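Data from upload_32.txt: compact mmCIF, C-alpha atoms and all ligand atoms
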```txt
# COMPACT_ATOMS: atom_id res chain seq x y z
CA MET X 241 -16.23 14.42 8.30
CA ILE X 242 -12.49 14.97 7.81
CA ALA X 243 -10.95 12.44 5.44
CA CYS X 244 -8.33 10.13 6.86
CA ILE X 245 -6.16 10.75 3.84
CA ASP X 246 -6.92 13.20 1.04
CA ILE X 247 -4.65 13.20 -2.01
CA GLN X 248 -5.38 15.86 -4.63
CA GLY X 249 -3.70 16.41 -7.99
CA LEU X 250 -0.58 14.53 -6.95
CA HIS X 251 2.20 14.62 -9.52
CA LEU X 252 5.41 12.70 -8.84
CA GLY X 253 8.24 12.82 -11.32
CA LEU X 254 11.88 12.77 -12.16
CA ARG X 255 13.41 16.00 -13.41
CA ALA X 256 15.65 15.87 -16.48
CA THR X 257 19.34 15.25 -15.91
CA ARG X 258 22.20 15.08 -18.39
CA ARG X 259 21.67 11.32 -18.62
CA ARG X 260 17.86 11.05 -18.84
CA PRO X 261 14.85 13.12 -19.85
CA ALA X 262 12.22 14.34 -17.38
CA ARG X 263 9.53 11.80 -16.58
CA LEU X 264 6.19 11.79 -14.75
CA LEU X 265 5.43 8.74 -12.58
CA LEU X 266 2.15 9.98 -11.08
CA ARG X 267 -0.05 12.22 -13.22
CA GLY X 268 -2.59 14.01 -11.05
CA ILE X 269 -3.78 11.40 -8.54
CA ASP X 270 -6.99 12.29 -6.63
CA LEU X 271 -7.74 9.81 -3.86
CA CYS X 272 -9.72 10.45 -0.70
CA ILE X 273 -10.19 7.78 1.97
CA ALA X 274 -12.71 8.25 4.77
CA PRO X 275 -12.15 6.90 8.29
CA GLY X 276 -13.23 3.26 8.38
CA GLU X 277 -12.90 2.81 4.61
CA VAL X 278 -10.80 0.07 3.00
CA HIS X 279 -9.78 1.50 -0.35
CA ALA X 280 -8.16 -0.72 -2.97
CA LEU X 281 -5.66 0.60 -5.46
CA VAL X 282 -5.50 -1.84 -8.36
CA GLY X 283 -3.65 -1.91 -11.63
CA GLU X 284 -1.01 -3.73 -13.62
CA SER X 285 2.63 -3.90 -12.66
CA GLY X 286 4.27 -0.50 -13.15
CA ALA X 287 0.96 1.41 -12.98
CA GLY X 288 2.14 3.50 -10.05
CA LYS X 289 0.41 1.79 -7.11
CA SER X 290 3.47 1.60 -4.88
CA MET X 291 4.50 5.16 -5.79
CA VAL X 292 1.21 6.44 -4.36
CA GLY X 293 1.78 4.54 -1.11
CA ARG X 294 5.44 5.56 -0.90
CA THR X 295 4.65 9.24 -1.52
CA VAL X 296 2.11 9.20 1.30
CA LEU X 297 4.70 7.57 3.56
CA GLY X 298 7.31 10.10 2.45
CA ILE X 299 9.59 7.36 1.16
CA ALA X 300 9.34 7.89 -2.60
CA PRO X 301 12.57 6.74 -4.31
CA ALA X 302 15.61 9.00 -4.37
CA GLY X 303 15.55 11.36 -7.35
CA THR X 304 11.75 11.51 -7.52
CA GLU X 305 10.02 14.71 -6.51
CA VAL X 306 6.47 15.78 -5.71
CA LEU X 307 5.98 18.28 -8.53
CA ALA X 308 2.43 19.35 -7.69
CA GLY X 309 -0.58 18.40 -5.60
CA SER X 310 -1.36 17.92 -1.94
CA VAL X 311 -1.63 15.16 0.63
CA HIS X 312 -3.62 15.83 3.80
CA PHE X 313 -3.60 13.32 6.64
CA GLN X 314 -6.48 13.89 9.06
CA GLY X 315 -6.68 17.46 7.80
CA GLU X 316 -2.96 18.19 8.27
CA ASP X 317 -0.80 19.19 5.31
CA TRP X 318 1.33 16.08 5.26
CA LEU X 319 3.76 17.16 2.54
CA ALA X 320 4.55 20.41 4.39
CA LYS X 321 5.96 18.44 7.30
CA THR X 322 9.67 17.86 7.64
CA GLU X 323 11.03 14.36 7.35
CA ALA X 324 11.65 14.30 11.11
CA GLN X 325 8.04 15.35 11.83
CA ARG X 326 6.73 12.64 9.53
CA ARG X 327 9.08 10.00 10.94
CA VAL X 328 7.67 10.28 14.46
CA ARG X 329 4.17 9.68 13.09
CA LEU X 330 5.08 6.76 10.81
CA GLY X 331 4.49 3.50 12.59
CA ARG X 332 2.26 5.27 15.10
CA ASP X 333 -0.43 7.04 13.05
CA ILE X 334 0.33 5.59 9.62
CA ALA X 335 1.67 2.06 9.32
CA LEU X 336 2.91 0.06 6.37
CA ILE X 337 2.52 -3.64 5.74
CA PRO X 338 5.12 -4.17 3.04
CA GLN X 339 5.32 -6.60 0.17
CA ASP X 340 8.51 -8.41 1.11
CA PRO X 341 8.70 -9.44 4.77
CA LEU X 342 12.37 -10.48 4.61
CA THR X 343 13.83 -7.16 3.47
CA ALA X 344 11.49 -5.18 5.75
CA LEU X 345 12.91 -6.73 8.93
CA ASN X 346 16.39 -5.99 10.23
CA PRO X 347 18.40 -9.23 9.87
CA GLY X 348 20.69 -8.33 12.78
CA HIS X 349 18.04 -7.85 15.47
CA THR X 350 15.77 -10.36 17.18
CA ILE X 351 12.02 -10.22 16.57
CA GLY X 352 11.49 -9.18 20.21
CA ALA X 353 13.87 -6.23 19.81
CA GLN X 354 12.19 -5.06 16.59
CA VAL X 355 8.61 -5.21 17.87
CA GLY X 356 9.76 -3.78 21.20
CA ASP X 357 11.42 -0.83 19.46
CA VAL X 358 8.11 0.22 17.92
CA LEU X 359 6.46 0.15 21.35
CA ARG X 360 9.29 2.01 23.09
CA LEU X 361 9.66 4.63 20.38
CA HIS X 362 6.02 5.41 19.71
CA LEU X 363 4.20 4.49 22.92
CA GLY X 364 6.95 5.16 25.48
CA HIS X 365 6.83 1.61 26.88
CA ASP X 366 9.64 0.64 29.25
CA ALA X 367 11.50 -2.63 28.65
CA ALA X 368 9.18 -4.77 30.78
CA GLN X 369 6.00 -3.28 29.26
CA ALA X 370 7.41 -3.69 25.76
CA ARG X 371 8.29 -7.34 26.44
CA ALA X 372 4.83 -8.15 27.77
CA ARG X 373 3.01 -6.29 24.98
CA THR X 374 5.21 -7.91 22.30
CA LEU X 375 4.13 -11.35 23.50
CA GLU X 376 0.48 -10.26 23.37
CA LEU X 377 0.88 -8.84 19.86
CA LEU X 378 2.58 -11.98 18.55
CA ASP X 379 -0.19 -14.04 20.10
CA ALA X 380 -2.80 -11.81 18.40
CA VAL X 381 -1.27 -12.55 15.00
CA GLN X 382 -1.48 -16.28 15.81
CA ILE X 383 2.22 -16.96 16.23
CA ARG X 384 2.29 -20.18 18.19
CA SER X 385 5.27 -19.86 20.52
CA PRO X 386 5.71 -16.11 21.09
CA ALA X 387 8.21 -16.64 23.93
CA LEU X 388 10.48 -18.55 21.55
CA VAL X 389 9.93 -16.29 18.54
CA VAL X 390 10.92 -13.09 20.40
CA ARG X 391 14.43 -14.54 20.74
CA GLN X 392 14.71 -15.54 17.07
CA TYR X 393 16.14 -13.63 14.10
CA PRO X 394 14.15 -13.03 10.88
CA HIS X 395 16.07 -15.71 8.92
CA GLU X 396 14.93 -18.34 11.43
CA LEU X 397 11.26 -17.76 10.58
CA SER X 398 9.17 -18.81 7.57
CA GLY X 399 7.88 -16.13 5.16
CA GLY X 400 4.37 -16.42 6.63
CA MET X 401 5.70 -15.99 10.19
CA ARG X 402 7.76 -12.96 9.17
CA GLN X 403 4.69 -11.39 7.58
CA ARG X 404 2.71 -12.02 10.78
CA VAL X 405 5.45 -10.21 12.73
CA LEU X 406 5.19 -7.22 10.37
CA ILE X 407 1.42 -7.23 10.73
CA ALA X 408 1.87 -7.23 14.51
CA MET X 409 4.23 -4.24 14.18
CA ALA X 410 1.78 -2.40 11.91
CA PHE X 411 -1.11 -2.87 14.34
CA ALA X 412 0.97 -2.26 17.49
CA CYS X 413 0.11 1.43 17.84
CA LYS X 414 -3.47 1.22 16.53
CA PRO X 415 -2.72 3.48 13.57
CA LYS X 416 -5.34 5.64 11.84
CA LEU X 417 -4.14 4.60 8.38
CA ILE X 418 -2.64 1.31 7.24
CA ILE X 419 -1.01 1.06 3.85
CA ALA X 420 -0.90 -2.60 2.83
CA ASP X 421 1.33 -2.94 -0.25
CA GLU X 422 0.56 -6.33 -1.80
CA PRO X 423 0.95 -7.86 1.67
CA THR X 424 0.69 -11.48 0.57
CA THR X 425 2.34 -11.47 -2.86
CA ALA X 426 5.61 -12.92 -1.59
CA LEU X 427 3.90 -15.82 0.21
CA ASP X 428 2.86 -19.20 -1.16
CA VAL X 429 -0.83 -19.78 -1.80
CA THR X 430 -1.89 -21.68 1.34
CA VAL X 431 0.01 -19.27 3.60
CA GLN X 432 -1.52 -16.35 1.67
CA ARG X 433 -4.98 -17.55 2.58
CA GLU X 434 -4.20 -17.81 6.31
CA VAL X 435 -2.47 -14.43 6.43
CA LEU X 436 -5.36 -12.80 4.57
CA ARG X 437 -7.91 -14.24 6.97
CA LEU X 438 -5.87 -12.87 9.86
CA LEU X 439 -5.50 -9.50 8.19
CA ARG X 440 -9.22 -9.28 7.46
CA ASP X 441 -10.11 -9.95 11.12
CA LEU X 442 -7.53 -7.51 12.49
CA LEU X 443 -8.57 -4.79 10.05
CA ARG X 444 -12.23 -5.25 10.92
CA ASP X 445 -11.44 -4.80 14.64
CA LEU X 446 -9.23 -1.77 14.03
CA GLN X 447 -11.89 -0.15 11.82
CA ARG X 448 -14.57 -0.79 14.41
CA ASP X 449 -12.54 0.32 17.44
CA GLU X 450 -10.41 3.14 16.01
CA GLY X 451 -12.14 4.12 12.75
CA ALA X 452 -8.92 3.27 10.93
CA ALA X 453 -8.71 3.50 7.15
CA VAL X 454 -6.76 1.23 4.82
CA LEU X 455 -5.11 1.78 1.45
CA PHE X 456 -4.90 -1.74 0.05
CA ILE X 457 -2.50 -1.96 -2.87
CA THR X 458 -3.06 -5.11 -4.88
CA HIS X 459 -3.50 -6.62 -8.30
CA ASN X 460 -5.76 -9.33 -6.89
CA LEU X 461 -9.39 -8.45 -7.63
CA GLY X 462 -10.66 -11.34 -5.52
CA LEU X 463 -9.16 -9.61 -2.50
CA VAL X 464 -10.71 -6.32 -3.53
CA ALA X 465 -14.16 -7.91 -3.62
CA ARG X 466 -13.66 -9.59 -0.24
CA LEU X 467 -11.86 -6.91 1.77
CA CYS X 468 -12.51 -3.47 0.32
CA ASN X 469 -15.37 -0.94 0.14
CA ALA X 470 -13.98 1.36 -2.53
CA VAL X 471 -11.54 0.95 -5.39
CA SER X 472 -9.37 3.11 -7.62
CA VAL X 473 -8.10 1.60 -10.85
CA ILE X 474 -4.75 3.05 -11.84
CA HIS X 475 -2.83 2.96 -15.12
CA SER X 476 0.20 4.97 -16.23
CA GLY X 477 0.17 6.97 -13.00
CA ARG X 478 -3.44 8.11 -13.47
CA ILE X 479 -6.68 6.94 -11.90
CA VAL X 480 -8.87 5.72 -14.72
CA GLU X 481 -11.88 4.71 -12.64
CA GLN X 482 -12.93 5.12 -9.02
CA GLY X 483 -15.97 4.19 -6.96
CA ASP X 484 -17.54 1.66 -4.65
CA VAL X 485 -16.34 -1.90 -5.14
CA ARG X 486 -19.63 -3.51 -6.02
CA GLY X 487 -20.55 -0.84 -8.59
CA ILE X 488 -17.19 -1.09 -10.34
CA ILE X 489 -17.02 -4.88 -10.33
CA GLU X 490 -20.59 -5.20 -11.64
CA ARG X 491 -20.53 -2.26 -14.04
CA PRO X 492 -16.98 -1.20 -14.94
CA ARG X 493 -17.21 1.99 -17.02
CA THR X 494 -13.85 2.01 -18.80
CA ALA X 495 -12.47 -0.44 -21.34
CA TYR X 496 -9.30 -0.75 -19.24
CA THR X 497 -11.14 -1.79 -16.06
CA ARG X 498 -13.19 -4.32 -18.05
CA ALA X 499 -9.99 -5.71 -19.59
CA LEU X 500 -8.21 -5.81 -16.22
CA PHE X 501 -11.09 -7.75 -14.67
CA ALA X 502 -11.29 -10.15 -17.61
CA ALA X 503 -7.55 -10.80 -17.29
CA THR X 504 -7.79 -11.67 -13.58
CA PRO X 505 -7.92 -15.36 -12.64
CA ARG X 506 -11.07 -16.36 -10.74
CA TYR X 507 -11.76 -19.63 -8.95
CA ASP X 508 -15.26 -19.70 -10.43
CA ARG X 509 -14.08 -19.23 -14.00
CA PRO X 510 -11.92 -21.66 -15.97
CA ALA X 511 -8.41 -20.45 -16.67
CA ASN X 512 -8.89 -20.78 -20.43
CA ALA X 513 -11.56 -18.06 -20.29
CA LEU X 514 -8.93 -15.49 -19.28
CA ARG X 515 -8.29 -12.77 -21.81
CA PRO X 516 -5.02 -10.87 -21.86
CA ILE X 517 -5.39 -7.10 -21.87
CA GLU X 518 -5.47 -6.09 -25.53
CA ASP X 519 -2.66 -3.84 -26.67
CA ASP X 520 -5.05 -1.28 -28.14
CA VAL X 521 -6.63 -0.68 -24.70
CA THR X 522 -3.29 0.05 -23.05
CA ASP X 523 -1.84 1.79 -26.12
CA ALA X 524 -4.68 4.32 -25.96
CA LEU X 525 -3.94 5.00 -22.28
CA TRP X 526 -0.21 5.35 -22.90
CA SER X 527 -0.76 7.79 -25.74
CA GLU X 528 -3.08 9.85 -23.48
CA ALA X 529 -0.32 9.78 -20.86
CA ARG X 530 2.25 11.00 -23.39
CA ALA X 531 -0.02 13.84 -24.50
CA TYR X 532 -0.59 14.70 -20.84
CA ASP X 533 3.18 14.80 -20.25
CA ASP X 534 3.80 17.07 -23.24
CA ASN X 535 1.25 19.56 -21.92
CA TRP X 536 2.52 19.26 -18.37
CA TRP X 537 6.19 19.89 -19.16
CA ALA X 538 5.23 22.70 -21.57
CA ALA X 539 3.38 24.40 -18.71
CA HIS X 540 5.71 23.49 -15.84
CA GLY X 541 9.05 22.61 -17.47
N1 LIG I 601 13.31 3.68 -7.80
C1 LIG I 601 12.65 4.18 -8.86
N2 LIG I 601 13.11 5.29 -9.50
C2 LIG I 601 12.46 5.78 -10.57
N3 LIG I 601 11.34 5.24 -11.10
C3 LIG I 601 10.84 4.14 -10.51
C4 LIG I 601 11.46 3.55 -9.35
N4 LIG I 601 10.73 2.47 -8.99
C5 LIG I 601 9.70 2.38 -9.87
N5 LIG I 601 9.76 3.37 -10.78
C6 LIG I 601 8.83 3.62 -11.89
O1 LIG I 601 7.62 4.14 -11.36
C7 LIG I 601 6.51 3.62 -12.10
C8 LIG I 601 5.49 3.08 -11.15
O2 LIG I 601 6.08 2.00 -10.42
P1 LIG I 601 5.36 1.33 -9.18
O3 LIG I 601 6.39 0.53 -8.45
O4 LIG I 601 4.59 2.33 -8.39
O5 LIG I 601 4.32 0.35 -9.92
P2 LIG I 601 3.31 -0.68 -9.25
O6 LIG I 601 1.98 -0.39 -9.86
O7 LIG I 601 3.42 -0.65 -7.77
O8 LIG I 601 3.87 -2.06 -9.82
P3 LIG I 601 4.06 -3.50 -9.10
O9 LIG I 601 2.68 -4.08 -9.04
O10 LIG I 601 4.95 -4.22 -10.05
O11 LIG I 601 4.68 -3.26 -7.77
C9 LIG I 601 7.05 2.59 -13.06
O12 LIG I 601 7.09 3.19 -14.34
C10 LIG I 601 8.45 2.31 -12.57
O13 LIG I 601 9.32 2.07 -13.67
```
Show me this structure written as structure tokens.
Amino acid sequence: MIACIDIQGLHLGLRATRRRPARLLLRGIDLCIAPGEVHALVGESGAGKSMVGRTVLGIAPAGTEVLAGSVHFQGEDWLAKTEAQRRVRLGRDIALIPQDPLTALNPGHTIGAQVGDVLRLHLGHDAAQARARTLELLDAVQIRSPALVVRQYPHELSGGMRQRVLIAMAFACKPKLIIADEPTTALDVTVQREVLRLLRDLLRDLQRDEGAAVLFITHNLGLVARLCNAVSVIHSGRIVEQGDVRGIIERPRTAYTRALFAATPRYDRPANALRPIEDDVTDALWSEARAYDDNWWAAHG
């Protein structure tokens, strides 16, 4: 079976300039996601989770560069494509559910225009088809008055409503890969729960009907246990542990994964039992990363 997305040896970095030294942000990421799989990418802030997602989407920050490695999407060499070739597939074959729903929507366009644009651009809908389908999509993400919401601007909606609109846009074209980048972090806790329930149901249907795969970027291990089949634990731009969710949650092999799990709040465990990640665990990983960098730049500098 061809993987939905197959990332091998991915190195992302910043080359040296007069003002700053060279730096690696991703250090040899291997990550393969089969059709139908929901794969979690977990790790602390700054570990490199978003960089993996952004590199796959072809929207890594300005100045960064893929220095080595490959990304294949459904067997196609994704990094060999031009930006224009990738752009026509983004939103249609690969969709993003971003972290911050406010900045992801265009403040100057109505919700109807923004959802409609996706349908016109990627599916060739005419105006009437796009209008009708937009109402259906908003209804599917449990927005109560779709006919009113299509005429509203993003600032007129709550954070939860905006995220539902983005979820509707992500699912609009029945993509083969969804990258969900901490999709509920910006929402308050009760809204988070509702949006997650919605997301879980929509993902289950899309997996079943289209064999879609999901890269679920999160630092919430509760979500990993509930939504995902496989997990990669990332630190300092490297995957430190990878496998099926149950195996890793029940028997984490590395000290870092054990520490990360112990530092994660759980409803069934009192807050005072939480243990911060000990410095010596992360210090060891950072010194491995520095040694890796020295070797890398010596060989590739
Ligand atoms: N625009 C940028 N230019 C250069 N380096 C960046 C940029 N944004 C982030 N980085 C660096 O890339 C590394 C990985 O960041 P990334 O955003 O992928 O972490 P993350 O695991 O997604 O964290 P978070 O959970 O906080 O979103 C960090 O060292 C960060 O400082």
Report task. Please give me, as an NGL selection string, the residues lying within 12 Å of ligand LIG 601 (chain I) when counting only C-alpha atoms and all ligand atoms. Result -> :X and (251-255 or 260 or 262-267 or 281-295 or 299-305 or 338-340 or 420-423 or 425-426 or 456-460 or 473-479 or 526 or 529)
Output the selection as a short mmCIF file (atom, residue, chain, number, x, y, z; two decimals), in the frame of the given file - C-alpha atoms for each residue.
```
data_model
loop_
_atom_site.label_atom_id
_atom_site.label_comp_id
_atom_site.auth_asym_id
_atom_site.auth_seq_id
_atom_site.Cartn_x
_atom_site.Cartn_y
_atom_site.Cartn_z
CA HIS X 251 2.20 14.62 -9.52
CA LEU X 252 5.41 12.70 -8.84
CA GLY X 253 8.24 12.82 -11.32
CA LEU X 254 11.88 12.77 -12.16
CA ARG X 255 13.41 16.00 -13.41
CA ARG X 260 17.86 11.05 -18.84
CA ALA X 262 12.22 14.34 -17.38
CA ARG X 263 9.53 11.80 -16.58
CA LEU X 264 6.19 11.79 -14.75
CA LEU X 265 5.43 8.74 -12.58
CA LEU X 266 2.15 9.98 -11.08
CA ARG X 267 -0.05 12.22 -13.22
CA LEU X 281 -5.66 0.60 -5.46
CA VAL X 282 -5.50 -1.84 -8.36
CA GLY X 283 -3.65 -1.91 -11.63
CA GLU X 284 -1.01 -3.73 -13.62
CA SER X 285 2.63 -3.90 -12.66
CA GLY X 286 4.27 -0.50 -13.15
CA ALA X 287 0.96 1.41 -12.98
CA GLY X 288 2.14 3.50 -10.05
CA LYS X 289 0.41 1.79 -7.11
CA SER X 290 3.47 1.60 -4.88
CA MET X 291 4.50 5.16 -5.79
CA VAL X 292 1.21 6.44 -4.36
CA GLY X 293 1.78 4.54 -1.11
CA ARG X 294 5.44 5.56 -0.90
CA THR X 295 4.65 9.24 -1.52
CA ILE X 299 9.59 7.36 1.16
CA ALA X 300 9.34 7.89 -2.60
CA PRO X 301 12.57 6.74 -4.31
CA ALA X 302 15.61 9.00 -4.37
CA GLY X 303 15.55 11.36 -7.35
CA THR X 304 11.75 11.51 -7.52
CA GLU X 305 10.02 14.71 -6.51
CA PRO X 338 5.12 -4.17 3.04
CA GLN X 339 5.32 -6.60 0.17
CA ASP X 340 8.51 -8.41 1.11
CA ALA X 420 -0.90 -2.60 2.83
CA ASP X 421 1.33 -2.94 -0.25
CA GLU X 422 0.56 -6.33 -1.80
CA PRO X 423 0.95 -7.86 1.67
CA THR X 425 2.34 -11.47 -2.86
CA ALA X 426 5.61 -12.92 -1.59
CA PHE X 456 -4.90 -1.74 0.05
CA ILE X 457 -2.50 -1.96 -2.87
CA THR X 458 -3.06 -5.11 -4.88
CA HIS X 459 -3.50 -6.62 -8.30
CA ASN X 460 -5.76 -9.33 -6.89
CA VAL X 473 -8.10 1.60 -10.85
CA ILE X 474 -4.75 3.05 -11.84
CA HIS X 475 -2.83 2.96 -15.12
CA SER X 476 0.20 4.97 -16.23
CA GLY X 477 0.17 6.97 -13.00
CA ARG X 478 -3.44 8.11 -13.47
CA ILE X 479 -6.68 6.94 -11.90
CA TRP X 526 -0.21 5.35 -22.90
CA ALA X 529 -0.32 9.78 -20.86
#
```
Once 5 Å is added on each side, what are the centre and the three edge lengths, in Å to one decimal, of the axis-aligned box enclosing the listed atoms of region 352-363 of chain X? Present them as lines of an AutoDock Vina configuration file.
```
center_x = 9.0
center_y = -1.9
center_z = 19.8
size_x = 19.7
size_y = 24.6
size_z = 16.5
```
Requested in this report: Find the residue from X:Val278, X:Leu427, X:Ile383, X:Ile245 that sits nearest to Leu446 (chain X); use all atoms listed in the file when measuring.
Outcome: X:Val278
Query raised in the report: Restricting the calculation to all atoms listed in the file, which member of X:Leu297, X:Arg327, X:Gly399, X:Arg391 is positioned closest to Ala344 (chain X)?
Result: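 The answer is X:Gly399, which sits nearest to Ala344 (chain X).
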Query - From X:Ser398, X:Ser310, X:Asn469, X:Gln369, residue lying nearest Ile489 (chain X) [all atoms listed in the file] - result: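 For Ile489 (chain X), the nearest of the given residues is X:Asn469.
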Requested in this report: Would you work out the distance separating CA of Leu361 (chain X) from CA of Glu277 (chain X), expressed in Å to one decimal?
Outcome: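 Going from CA of Leu361 (chain X) over to CA of Glu277 (chain X), I get 27.6 Å.
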